[in-house]
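The file coords-v4.cif contains mmCIF, C-alpha atoms and all ligand atoms; chains and numbers go by the auth columns:
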```cif
data_start
loop_
_atom_site.group_PDB
_atom_site.id
_atom_site.type_symbol
_atom_site.label_atom_id
_atom_site.label_comp_id
_atom_site.label_asym_id
_atom_site.label_seq_id
_atom_site.Cartn_x
_atom_site.Cartn_y
_atom_site.Cartn_z
_atom_site.B_iso_or_equiv
_atom_site.auth_seq_id
_atom_site.auth_asym_id
ATOM 1 C CA ALA A 1 10.616 7.097 10.547 0.00 154 A
ATOM 2 C CA GLY A 2 13.746 5.117 9.924 0.00 155 A
ATOM 3 C CA ARG A 3 15.302 8.059 8.169 0.00 156 A
ATOM 4 C CA PRO A 4 18.409 9.665 9.561 0.00 157 A
ATOM 5 C CA GLN A 5 17.882 13.039 11.156 0.00 158 A
ATOM 6 C CA THR A 6 19.560 16.049 9.653 0.00 159 A
ATOM 7 C CA ARG A 7 22.297 16.925 12.060 0.00 160 A
ATOM 8 C CA SER A 8 24.148 19.707 10.317 0.00 161 A
ATOM 9 C CA SER A 9 23.562 22.121 7.473 0.00 162 A
ATOM 10 C CA PRO A 10 24.376 21.043 3.948 0.00 163 A
ATOM 11 C CA PRO A 11 26.822 23.125 1.963 0.00 164 A
ATOM 12 C CA THR A 12 25.344 26.472 1.036 0.00 165 A
ATOM 13 C CA LEU A 13 25.298 28.729 -1.959 0.00 166 A
ATOM 14 C CA PRO A 14 26.598 30.874 -3.457 0.00 167 A
ATOM 15 C CA GLY A 15 28.849 28.687 -5.489 0.00 168 A
ATOM 16 C CA SER A 16 32.530 29.169 -5.280 0.00 169 A
ATOM 17 C CA PRO A 17 35.415 26.941 -6.296 0.00 170 A
ATOM 18 C CA ARG A 18 35.512 23.924 -4.043 0.00 171 A
ATOM 19 C CA LYS A 19 37.866 24.422 -1.141 0.00 172 A
ATOM 20 C CA PRO A 20 39.663 21.376 0.234 0.00 173 A
ATOM 21 C CA GLY A 21 37.457 19.728 2.813 0.00 174 A
ATOM 22 C CA ARG A 22 34.195 21.135 1.523 0.00 175 A
ATOM 23 C CA PRO A 23 31.828 18.319 0.562 0.00 176 A
ATOM 24 C CA TYR A 24 31.243 17.654 -3.120 0.00 177 A
ATOM 25 C CA ARG A 25 27.880 18.811 -4.384 0.00 178 A
ATOM 26 C CA VAL A 26 26.234 16.638 -7.004 0.00 179 A
ATOM 27 C CA LEU A 27 23.203 18.158 -8.670 0.00 180 A
ATOM 28 C CA LEU A 28 20.347 16.248 -10.228 0.00 181 A
ATOM 29 C CA LEU A 29 18.887 18.531 -12.871 0.00 182 A
ATOM 30 C CA GLY A 30 16.148 18.078 -15.422 0.00 183 A
ATOM 31 C CA ALA A 31 12.580 18.857 -16.372 0.00 184 A
ATOM 32 C CA SER A 32 9.751 18.107 -14.022 0.00 185 A
ATOM 33 C CA GLY A 33 8.698 14.480 -13.942 0.00 186 A
ATOM 34 C CA VAL A 34 11.895 12.941 -15.315 0.00 187 A
ATOM 35 C CA GLY A 35 12.731 11.074 -12.109 0.00 188 A
ATOM 36 C CA LYS A 36 14.969 13.309 -10.008 0.00 189 A
ATOM 37 C CA THR A 37 13.013 12.601 -6.853 0.00 190 A
ATOM 38 C CA ALA A 38 13.058 8.888 -7.614 0.00 191 A
ATOM 39 C CA PHE A 39 16.838 9.044 -8.031 0.00 192 A
ATOM 40 C CA ALA A 40 17.281 10.984 -4.810 0.00 193 A
ATOM 41 C CA SER A 41 15.075 8.474 -3.004 0.00 194 A
ATOM 42 C CA ILE A 42 17.286 5.621 -4.123 0.00 195 A
ATOM 43 C CA PHE A 43 20.340 7.450 -2.818 0.00 196 A
ATOM 44 C CA ALA A 44 18.439 8.286 0.343 0.00 197 A
ATOM 45 C CA GLY A 45 17.600 4.604 0.767 0.00 198 A
ATOM 46 C CA ALA A 46 21.297 3.840 0.705 0.00 199 A
ATOM 47 C CA ALA A 47 21.915 6.616 3.179 0.00 200 A
ATOM 48 C CA ASP A 48 19.321 4.995 5.445 0.00 201 A
ATOM 49 C CA SER A 49 21.348 1.853 5.618 0.00 202 A
ATOM 50 C CA MET A 50 24.576 3.663 6.427 0.00 203 A
ATOM 51 C CA ASP A 51 25.781 4.563 9.847 0.00 204 A
ATOM 52 C CA SER A 52 23.991 7.704 10.948 0.00 205 A
ATOM 53 C CA ASP A 53 27.334 9.437 11.317 0.00 206 A
ATOM 54 C CA ASP A 54 27.818 9.016 7.623 0.00 207 A
ATOM 55 C CA CYS A 55 24.614 10.236 6.181 0.00 208 A
ATOM 56 C CA GLU A 56 22.380 13.226 6.034 0.00 209 A
ATOM 57 C CA LEU A 57 19.001 13.594 4.427 0.00 210 A
ATOM 58 C CA ARG A 58 16.662 16.470 3.929 0.00 211 A
ATOM 59 C CA GLY A 59 13.375 15.853 2.249 0.00 212 A
ATOM 60 C CA GLY A 60 10.723 18.052 0.731 0.00 213 A
ATOM 61 C CA PRO A 61 8.555 18.085 -2.336 0.00 214 A
ATOM 62 C CA THR A 62 11.336 19.414 -4.521 0.00 215 A
ATOM 63 C CA ALA A 63 14.538 19.262 -2.511 0.00 216 A
ATOM 64 C CA HIS A 64 16.427 16.200 -1.476 0.00 217 A
ATOM 65 C CA VAL A 65 19.848 16.306 0.002 0.00 218 A
ATOM 66 C CA VAL A 66 21.647 13.082 0.630 0.00 219 A
ATOM 67 C CA HIS A 67 25.115 12.694 2.028 0.00 220 A
ATOM 68 C CA VAL A 68 25.680 9.553 0.141 0.00 221 A
ATOM 69 C CA ASN A 69 29.348 8.884 -0.249 0.00 222 A
ATOM 70 C CA PRO A 70 31.200 9.412 3.000 0.00 223 A
ATOM 71 C CA SER A 71 34.591 8.410 1.635 0.00 224 A
ATOM 72 C CA LEU A 72 34.380 11.198 -0.927 0.00 225 A
ATOM 73 C CA ASN A 73 32.229 13.446 1.276 0.00 226 A
ATOM 74 C CA CYS A 74 29.637 13.731 -1.411 0.00 227 A
ATOM 75 C CA PHE A 75 26.166 15.287 -1.204 0.00 228 A
ATOM 76 C CA VAL A 76 23.436 14.859 -3.776 0.00 229 A
ATOM 77 C CA PHE A 77 20.888 17.585 -4.391 0.00 230 A
ATOM 78 C CA ALA A 78 17.786 17.205 -6.509 0.00 231 A
ATOM 79 C CA ASP A 79 16.717 20.435 -8.171 0.00 232 A
ATOM 80 C CA TRP A 80 18.888 22.529 -5.924 0.00 233 A
ATOM 81 C CA PRO A 81 19.019 25.647 -8.133 0.00 234 A
ATOM 82 C CA ARG A 82 15.258 25.748 -8.485 0.00 235 A
ATOM 83 C CA VAL A 83 14.877 25.470 -4.761 0.00 236 A
ATOM 84 C CA CYS A 84 17.424 28.154 -4.038 0.00 237 A
ATOM 85 C CA SER A 85 16.696 30.870 -6.503 0.00 238 A
ATOM 86 C CA GLY A 86 15.392 29.581 -9.790 0.00 239 A
ATOM 87 C CA ALA A 87 18.735 30.344 -11.350 0.00 240 A
ATOM 88 C CA LEU A 88 21.580 28.070 -12.263 0.00 241 A
ATOM 89 C CA HIS A 89 24.560 29.371 -10.362 0.00 242 A
ATOM 90 C CA ALA A 90 27.914 29.064 -11.995 0.00 243 A
ATOM 91 C CA GLY A 91 29.597 27.404 -9.088 0.00 244 A
ATOM 92 C CA THR A 92 26.660 25.559 -7.606 0.00 245 A
ATOM 93 C CA GLY A 93 27.710 22.020 -8.329 0.00 246 A
ATOM 94 C CA ASP A 94 30.885 20.003 -8.482 0.00 247 A
ATOM 95 C CA ALA A 95 29.196 17.414 -10.695 0.00 248 A
ATOM 96 C CA TYR A 96 25.889 17.115 -12.506 0.00 249 A
ATOM 97 C CA LEU A 97 23.503 14.350 -13.461 0.00 250 A
ATOM 98 C CA LEU A 98 21.400 15.846 -16.247 0.00 251 A
ATOM 99 C CA LEU A 99 18.213 13.816 -16.391 0.00 252 A
ATOM 100 C CA TYR A 100 15.635 13.468 -19.098 0.00 253 A
ATOM 101 C CA SER A 101 12.921 10.905 -19.632 0.00 254 A
ATOM 102 C CA VAL A 102 13.237 8.712 -22.714 0.00 255 A
ATOM 103 C CA THR A 103 9.425 8.915 -22.881 0.00 256 A
ATOM 104 C CA ASP A 104 9.388 12.715 -23.101 0.00 257 A
ATOM 105 C CA ARG A 105 11.137 14.486 -25.948 0.00 258 A
ATOM 106 C CA ALA A 106 10.575 17.896 -24.397 0.00 259 A
ATOM 107 C CA SER A 107 12.585 16.797 -21.362 0.00 260 A
ATOM 108 C CA PHE A 108 15.405 15.727 -23.702 0.00 261 A
ATOM 109 C CA LEU A 109 15.451 19.216 -25.199 0.00 262 A
ATOM 110 C CA ARG A 110 15.408 20.672 -21.707 0.00 263 A
ATOM 111 C CA ALA A 111 18.454 18.595 -20.771 0.00 264 A
ATOM 112 C CA SER A 112 20.254 19.988 -23.833 0.00 265 A
ATOM 113 C CA GLN A 113 19.399 23.515 -22.805 0.00 266 A
ATOM 114 C CA LEU A 114 20.689 22.855 -19.314 0.00 267 A
ATOM 115 C CA ARG A 115 23.895 21.445 -20.746 0.00 268 A
ATOM 116 C CA ILE A 116 24.380 24.592 -22.824 0.00 269 A
ATOM 117 C CA THR A 117 23.814 26.731 -19.753 0.00 270 A
ATOM 118 C CA LEU A 118 26.247 24.646 -17.749 0.00 271 A
ATOM 119 C CA ARG A 119 28.861 24.739 -20.472 0.00 272 A
ATOM 120 C CA ARG A 120 29.057 28.488 -20.132 0.00 273 A
ATOM 121 C CA PHE A 121 30.189 28.079 -16.568 0.00 274 A
ATOM 122 C CA ARG A 122 31.524 24.583 -16.393 0.00 275 A
ATOM 123 C CA PRO A 123 33.648 23.259 -19.263 0.00 276 A
ATOM 124 C CA ALA A 124 33.410 19.473 -19.403 0.00 277 A
ATOM 125 C CA GLN A 125 37.068 18.818 -18.690 0.00 278 A
ATOM 126 C CA HIS A 126 36.654 20.460 -15.295 0.00 279 A
ATOM 127 C CA THR A 127 33.242 19.268 -14.202 0.00 280 A
ATOM 128 C CA PRO A 128 31.834 15.765 -14.378 0.00 281 A
ATOM 129 C CA ILE A 129 28.537 15.835 -16.237 0.00 282 A
ATOM 130 C CA ILE A 130 26.531 12.751 -17.105 0.00 283 A
ATOM 131 C CA LEU A 131 23.524 12.826 -19.405 0.00 284 A
ATOM 132 C CA VAL A 132 20.992 10.366 -17.988 0.00 285 A
ATOM 133 C CA GLY A 133 18.098 8.994 -20.052 0.00 286 A
ATOM 134 C CA ASN A 134 15.719 7.738 -17.368 0.00 287 A
ATOM 135 C CA LYS A 135 12.581 5.551 -17.606 0.00 288 A
ATOM 136 C CA CYS A 136 14.141 3.143 -20.074 0.00 289 A
ATOM 137 C CA ASP A 137 11.778 0.481 -18.693 0.00 290 A
ATOM 138 C CA LEU A 138 8.868 2.187 -20.486 0.00 291 A
ATOM 139 C CA VAL A 139 9.762 0.594 -23.783 0.00 292 A
ATOM 140 C CA ARG A 140 6.492 1.246 -25.605 0.00 293 A
ATOM 141 C CA ARG A 141 6.377 4.901 -24.604 0.00 294 A
ATOM 142 C CA ARG A 142 9.884 5.700 -25.730 0.00 295 A
ATOM 143 C CA GLU A 143 10.249 8.966 -27.672 0.00 296 A
ATOM 144 C CA VAL A 144 14.034 9.364 -27.543 0.00 297 A
ATOM 145 C CA SER A 145 16.234 6.594 -28.896 0.00 298 A
ATOM 146 C CA VAL A 146 19.435 5.370 -27.258 0.00 299 A
ATOM 147 C CA SER A 147 21.475 6.636 -30.203 0.00 300 A
ATOM 148 C CA GLU A 148 19.955 10.110 -29.946 0.00 301 A
ATOM 149 C CA GLY A 149 20.979 10.234 -26.308 0.00 302 A
ATOM 150 C CA ARG A 150 24.454 8.960 -27.091 0.00 303 A
ATOM 151 C CA ASP A 151 24.898 11.416 -29.972 0.00 304 A
ATOM 152 C CA CYS A 152 23.734 14.301 -27.821 0.00 305 A
ATOM 153 C CA ALA A 153 26.249 13.367 -25.117 0.00 306 A
ATOM 154 C CA ALA A 154 29.016 13.163 -27.736 0.00 307 A
ATOM 155 C CA VAL A 155 28.139 16.640 -29.010 0.00 308 A
ATOM 156 C CA PHE A 156 28.074 17.979 -25.493 0.00 309 A
ATOM 157 C CA ASP A 157 31.233 16.165 -24.495 0.00 310 A
ATOM 158 C CA CYS A 158 29.792 14.351 -21.530 0.00 311 A
ATOM 159 C CA LYS A 159 29.142 10.752 -20.481 0.00 312 A
ATOM 160 C CA PHE A 160 25.837 9.056 -21.196 0.00 313 A
ATOM 161 C CA ILE A 161 23.803 6.345 -19.548 0.00 314 A
ATOM 162 C CA GLU A 162 20.221 5.099 -19.702 0.00 315 A
ATOM 163 C CA THR A 163 18.557 4.216 -16.421 0.00 316 A
ATOM 164 C CA SER A 164 15.338 3.117 -14.851 0.00 317 A
ATOM 165 C CA ALA A 165 14.798 4.493 -11.391 0.00 318 A
ATOM 166 C CA ALA A 166 11.644 2.378 -11.184 0.00 319 A
ATOM 167 C CA MET A 167 13.604 -0.821 -11.795 0.00 320 A
ATOM 168 C CA GLN A 168 16.716 0.519 -10.024 0.00 321 A
ATOM 169 C CA HIS A 169 18.588 -0.201 -13.226 0.00 322 A
ATOM 170 C CA ASN A 170 21.891 1.631 -13.805 0.00 323 A
ATOM 171 C CA VAL A 171 21.130 4.289 -11.177 0.00 324 A
ATOM 172 C CA TRP A 172 24.178 3.412 -9.102 0.00 325 A
ATOM 173 C CA GLU A 173 26.241 2.958 -12.253 0.00 326 A
ATOM 174 C CA ALA A 174 25.455 6.595 -13.099 0.00 327 A
ATOM 175 C CA PHE A 175 26.407 7.662 -9.616 0.00 328 A
ATOM 176 C CA HIS A 176 29.619 5.650 -9.526 0.00 329 A
ATOM 177 C CA GLY A 177 30.605 6.957 -12.961 0.00 330 A
ATOM 178 C CA MET A 178 30.284 10.431 -11.588 0.00 331 A
ATOM 179 C CA VAL A 179 32.233 9.560 -8.427 0.00 332 A
ATOM 180 C CA ARG A 180 35.003 8.071 -10.587 0.00 333 A
ATOM 181 C CA GLN A 181 35.252 11.332 -12.501 0.00 334 A
ATOM 182 C CA LEU A 182 35.333 13.375 -9.305 0.00 335 A
ATOM 183 C CA ARG A 183 38.091 11.159 -7.915 0.00 336 A
ATOM 184 C CA LEU A 184 40.132 11.442 -11.103 0.00 337 A
ATOM 185 C CA ARG A 185 39.774 15.167 -10.991 0.00 338 A
ATOM 186 C CA ARG A 186 40.700 15.329 -7.319 0.00 339 A
ATOM 187 C CA ASP A 187 43.715 13.058 -7.814 0.00 340 A
ATOM 188 C CA SER A 188 44.981 14.945 -10.861 0.00 341 A
ATOM 189 C CA LYS A 189 44.803 18.165 -8.857 0.00 342 A
ATOM 190 C CA ALA A 190 46.668 16.575 -5.984 0.00 343 A
ATOM 191 C CA ALA A 191 49.414 15.207 -8.272 0.00 344 A
HETATM 192 P P1 LIG B . 10.933 14.704 -10.745 0.00 1 B
HETATM 193 O O1 LIG B . 9.847 15.714 -10.959 0.00 1 B
HETATM 194 O O2 LIG B . 12.015 14.836 -11.741 0.00 1 B
HETATM 195 O O3 LIG B . 11.448 14.664 -9.340 0.00 1 B
HETATM 196 O O4 LIG B . 10.267 13.262 -11.069 0.00 1 B
HETATM 197 P P2 LIG B . 9.788 12.118 -10.065 0.00 1 B
HETATM 198 O O5 LIG B . 10.955 11.415 -9.472 0.00 1 B
HETATM 199 O O6 LIG B . 8.790 12.702 -9.131 0.00 1 B
HETATM 200 O O7 LIG B . 9.070 11.103 -11.068 0.00 1 B
HETATM 201 C C1 LIG B . 7.906 11.450 -11.770 0.00 1 B
HETATM 202 C C2 LIG B . 7.074 10.177 -11.979 0.00 1 B
HETATM 203 O O8 LIG B . 7.802 9.266 -12.797 0.00 1 B
HETATM 204 C C3 LIG B . 6.758 9.438 -10.691 0.00 1 B
HETATM 205 O O9 LIG B . 5.460 8.916 -10.810 0.00 1 B
HETATM 206 C C4 LIG B . 7.779 8.334 -10.657 0.00 1 B
HETATM 207 O O10 LIG B . 7.328 7.198 -9.965 0.00 1 B
HETATM 208 C C5 LIG B . 7.951 8.025 -12.141 0.00 1 B
HETATM 209 N N1 LIG B . 9.272 7.509 -12.467 0.00 1 B
HETATM 210 C C6 LIG B . 10.481 8.012 -12.100 0.00 1 B
HETATM 211 N N2 LIG B . 11.464 7.281 -12.616 0.00 1 B
HETATM 212 C C7 LIG B . 10.884 6.289 -13.324 0.00 1 B
HETATM 213 C C8 LIG B . 11.399 5.200 -14.112 0.00 1 B
HETATM 214 O O11 LIG B . 12.606 4.977 -14.267 0.00 1 B
HETATM 215 N N3 LIG B . 10.461 4.406 -14.725 0.00 1 B
HETATM 216 C C9 LIG B . 9.122 4.599 -14.588 0.00 1 B
HETATM 217 N N4 LIG B . 8.287 3.757 -15.217 0.00 1 B
HETATM 218 N N5 LIG B . 8.611 5.607 -13.849 0.00 1 B
HETATM 219 C C10 LIG B . 9.482 6.444 -13.229 0.00 1 B
#
```

Using the file provided, produce a representation of the structure as structure tokens.
Amino acid sequence: AGRPQTRSSPPTLPGSPRKPGRPYRVLLLGASGVGKTAFASIFAGAADSMDSDDCELRGGPTAHVVHVNPSLNCFVFADWPRVCSGALHAGTGDAYLLLYSVTDRASFLRASQLRITLRRFRPAQHTPIILVGNKCDLVRRREVSVSEGRDCAAVFDCKFIETSAAMQHNVWEAFHGMVRQLRLRRDSKAA
């Protein structure tokens, strides 16, 4: 209730270079439990408050699709590759938020693995990728320091931010950082 109805299909796989007019696909990737669903819910909440012409939401235990930035025509998918096929398709996303939990070192390693996989298909200069250390509110349970996250992002040539989906801290900053990169990329192509 209160949620916008899905009125049209979201963009489909398989991945191919983005054609003009096709919506941007932003993927939330990361180990189980890091906060992807929480992130998607925050974006979905924003979609709720938009005009229904401007938003689209699909919910499920593992898949969330939110048409969250009408001006850029931008969809967000949580765990899209897992939902589709279990494989990370080369052209699946136009931008990626790679999530780990600062309270879970294994999820940090998983984010690194995902970055390596992505790098094979998506060199950083072409695809916005942001490494996101979530759950930074859980100070006493922290297993991954801020500097480790920052260093990892430097090695992997991507942006870095720490967030708390629970406190809604920096979640939109992460999203807007990614939108800025998509816009820059779009504008440099248009120039
Ligand atoms: P997913 O498996 O990656 O989709 O992870 P979820 O979004 O389902 O989150 C897993 C659990 O972590 C849930 O109980 C969330 O409420 C909790 N969680 C997510 N983000 C945060 C956060 O920033 N801080 C805290 N304290 N808990 C969080």

Straight-line distance linking atom CA of A:Phe313 with atom CA of A:Lys342, stated in Å to one decimal
24.4 Å

When the PyMOL selection byres (((not hetatm)) within 7 of (chain B and resi 1)) is applied to the structure above, which residues does it catch, written out as a ChimeraX atom specification?
/A:183-192,215,287-291,316-320

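Pairwise distance (atom CA of A:Arg338, atom CA of A:Ala248) equals 10.8 Å.
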
Please provide the set of residues having any atom within 6 Å of A:Thr256, restricted to all atoms listed in the file, with same-chain residues fewer than 6 positions apart removed, written as JSON, numbers by chain.
{"A": [294, 295, 296]}

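The space between atom CA of A:Arg293 and atom CA of A:Tyr249 spans 28.3 Å.
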
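Closest approach to A:Asp304 from the set A:Leu182, A:Ser194, A:Leu284, A:Ala259 is made by A:Leu284, with distances taken over only C-alpha atoms.
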
Could you write out as an MDAnalysis selection string the residues that the PyMOL selection byres (((chain A and resi 303) around 12) and not hetatm) matches in the shown file?
chainID A and resid 261 283:286 297:302 304:315

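In this comparison, which uses all atoms listed in the file, the residue of A:Leu250, A:Leu262, A:Leu267, A:Val255 approaching A:Val179 most closely is A:Leu250.
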
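If all atoms listed in the file are the atoms counted, then among A:Leu181, A:Val332, A:Leu252, A:Ile195 the closest residue to A:Ala264 is A:Leu252.
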
Given the choices A:Phe196, A:Arg272, A:Arg258, A:Gly246, which gets closest to A:His329 if the distance is worked out from only C-alpha atoms?
A:Phe196

Calculate, to one decimal in Å, the centre and edge lengths of the box along x, y and z of the file that holds all listed atoms of stretch 335-344 of chain A with 3 Å of margin on each side, and present them as lines of an AutoDock Vina configuration file.
```
center_x = 42.4
center_y = 14.7
center_z = -8.5
size_x = 20.1
size_y = 13.0
size_z = 11.1
```

Will you give me stretch 260-274 of chain A, written with N, CA and C atoms and laid out as a PDB file, in the first residue's frame?
```pdb
ATOM      1  N   SER A 260      32.804  -9.657   4.088  1.00  0.00           N
ATOM      2  CA  SER A 260      32.052  -8.909   3.065  1.00  0.00           C
ATOM      3  C   SER A 260      32.952  -7.889   2.366  1.00  0.00           C
ATOM      4  N   PHE A 261      33.963  -7.414   3.096  1.00  0.00           N
ATOM      5  CA  PHE A 261      34.956  -6.493   2.511  1.00  0.00           C
ATOM      6  C   PHE A 261      35.762  -7.233   1.441  1.00  0.00           C
ATOM      7  N   LEU A 262      36.156  -8.456   1.764  1.00  0.00           N
ATOM      8  CA  LEU A 262      36.899  -9.265   0.790  1.00  0.00           C
ATOM      9  C   LEU A 262      36.021  -9.577  -0.419  1.00  0.00           C
ATOM     10  N   ARG A 263      34.759  -9.822  -0.157  1.00  0.00           N
ATOM     11  CA  ARG A 263      33.821 -10.108  -1.241  1.00  0.00           C
ATOM     12  C   ARG A 263      33.693  -8.893  -2.176  1.00  0.00           C
ATOM     13  N   ALA A 264      33.649  -7.706  -1.588  1.00  0.00           N
ATOM     14  CA  ALA A 264      33.563  -6.497  -2.405  1.00  0.00           C
ATOM     15  C   ALA A 264      34.809  -6.367  -3.286  1.00  0.00           C
ATOM     16  N   SER A 265      35.970  -6.723  -2.744  1.00  0.00           N
ATOM     17  CA  SER A 265      37.201  -6.679  -3.540  1.00  0.00           C
ATOM     18  C   SER A 265      37.128  -7.657  -4.696  1.00  0.00           C
ATOM     19  N   GLN A 266      36.631  -8.843  -4.408  1.00  0.00           N
ATOM     20  CA  GLN A 266      36.500  -9.837  -5.480  1.00  0.00           C
ATOM     21  C   GLN A 266      35.568  -9.326  -6.577  1.00  0.00           C
ATOM     22  N   LEU A 267      34.467  -8.733  -6.147  1.00  0.00           N
ATOM     23  CA  LEU A 267      33.514  -8.211  -7.130  1.00  0.00           C
ATOM     24  C   LEU A 267      34.162  -7.116  -7.972  1.00  0.00           C
ATOM     25  N   ARG A 268      34.959  -6.292  -7.310  1.00  0.00           N
ATOM     26  CA  ARG A 268      35.631  -5.211  -8.044  1.00  0.00           C
ATOM     27  C   ARG A 268      36.577  -5.791  -9.094  1.00  0.00           C
ATOM     28  N   ILE A 269      37.284  -6.848  -8.716  1.00  0.00           N
ATOM     29  CA  ILE A 269      38.203  -7.490  -9.670  1.00  0.00           C
ATOM     30  C   ILE A 269      37.413  -8.059 -10.848  1.00  0.00           C
ATOM     31  N   THR A 270      36.300  -8.676 -10.541  1.00  0.00           N
ATOM     32  CA  THR A 270      35.463  -9.226 -11.619  1.00  0.00           C
ATOM     33  C   THR A 270      34.968  -8.111 -12.529  1.00  0.00           C
ATOM     34  N   LEU A 271      34.521  -7.025 -11.900  1.00  0.00           N
ATOM     35  CA  LEU A 271      34.012  -5.907 -12.697  1.00  0.00           C
ATOM     36  C   LEU A 271      35.101  -5.291 -13.565  1.00  0.00           C
ATOM     37  N   ARG A 272      36.307  -5.221 -12.989  1.00  0.00           N
ATOM     38  CA  ARG A 272      37.387  -4.546 -13.707  1.00  0.00           C
ATOM     39  C   ARG A 272      37.680  -5.229 -15.043  1.00  0.00           C
ATOM     40  N   ARG A 273      37.451  -6.538 -15.056  1.00  0.00           N
ATOM     41  CA  ARG A 273      37.687  -7.264 -16.302  1.00  0.00           C
ATOM     42  C   ARG A 273      36.792  -6.741 -17.417  1.00  0.00           C
ATOM     43  N   PHE A 274      35.578  -6.354 -17.008  1.00  0.00           N
ATOM     44  CA  PHE A 274      34.621  -5.924 -18.022  1.00  0.00           C
ATOM     45  C   PHE A 274      34.485  -4.412 -18.092  1.00  0.00           C
TER      46      PHE A 274
END
```
